[in-house]
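Read through the structure below, which is laid out as structure tokens, and then see the notes.
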Amino acid sequence: MGTVKKSALHGRKDGSDRGVAKNLEISFLLDFYGDMLTDKQRDVVELYYNEDLSLAEIAAHSGITRQGVRDSIKRAEGQLLEYEDRLHLAARFRSIEKVLSAIVEEAGQIEKLNDRYGGAPEIERSAQNIIRLANKLDED
């Protein structure tokens, strides 16, 4: 996203990563809660955050004013953040991803230790099953 859009919507002209982090967060929340927005809000937010269109481009595309686009984006941002505050789906998803990653790492360690200290086939099979199941959950 260009500096003009950051300053236009977020009031940041310094080019810091804070605006980028917020943009990624809103895109992430849009994946979870986008269907809870109106079609118009979802389309405008999608164009702004995921397609990287400017407020003026979205206004021309949507047939509303630039200020109307900005207001719609700000309102949708507020709703997405409120949904997350109440439901915590995105936070839960991130937590599950971290736990699955840790499970896979631990199962890999079990495999290595098993190889080092005797190589019991049952332990090897169980560690591989844990990794396979965790990876399957991560894919879904």
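Here's how to read the names in the structure tokens: chain A, B, ... by the order shown, residue numbers from 1 in each chain, ligand numbers from 1 in the order shown.
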
### Message
I'd like the neighbourhood of Glu46 in chain A as a PyMOL selection string, where a residue qualifies if any of its atoms comes within 12 Å (using only C-alpha atoms), though same-chain residues fewer than 2 positions away should be ignored.
### Response
chain A and resi 23-24+26-31+34-35+37-44+48-55+58+69+72-73+76-77

### Message
Applying 12 Å and only C-alpha atoms, which residues near range 130-140 of chain A remain after dropping the ones on its own chain fewer than 6 positions away? List them as number ranges by chain.
### Response
A: 93-111, 123-124

Written selection (C-alpha atoms) as a short mmCIF file (atom, residue, chain, number, x, y, z; two decimals), in the first residue's frame:
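selection-v8.cif, written as the output of this step:
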data_model
loop_
_atom_site.label_atom_id
_atom_site.label_comp_id
_atom_site.auth_asym_id
_atom_site.auth_seq_id
_atom_site.Cartn_x
_atom_site.Cartn_y
_atom_site.Cartn_z
CA PHE A 93 -6.84 -19.88 14.77
CA ARG A 94 -3.40 -18.37 15.34
CA SER A 95 -3.11 -20.19 18.65
CA ILE A 96 -4.05 -23.52 17.07
CA GLU A 97 -1.47 -22.96 14.32
CA LYS A 98 1.26 -22.36 16.91
CA VAL A 99 0.28 -25.43 18.92
CA LEU A 100 0.20 -27.62 15.80
CA SER A 101 3.65 -26.38 14.84
CA ALA A 102 4.95 -27.19 18.32
CA ILE A 103 3.39 -30.66 18.16
CA VAL A 104 5.12 -31.37 14.85
CA GLU A 105 8.44 -30.14 16.27
CA GLU A 106 8.11 -32.33 19.37
CA ALA A 107 7.18 -35.38 17.30
CA GLY A 108 10.26 -34.73 15.16
CA GLN A 109 12.37 -34.63 18.32
CA ILE A 110 10.85 -37.96 19.43
CA GLU A 111 11.83 -39.46 16.08
CA ILE A 123 7.67 -45.08 18.62
CA GLU A 124 8.70 -44.20 15.06
#

### Message
I'd like to know which of A:Leu80, A:Ser126, A:Gly119, A:His88 is closest to Lys22 in chain A, using only C-alpha atoms.
### Response
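Using only C-alpha atoms, Lys22 in chain A sits closest to A:Leu80.
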
### Summary
Across A:Ala90, A:Ala127, A:Val20, A:Leu113, the smallest distance to Tyr33 in chain A, with only C-alpha atoms counted, is shown by A:Ala90
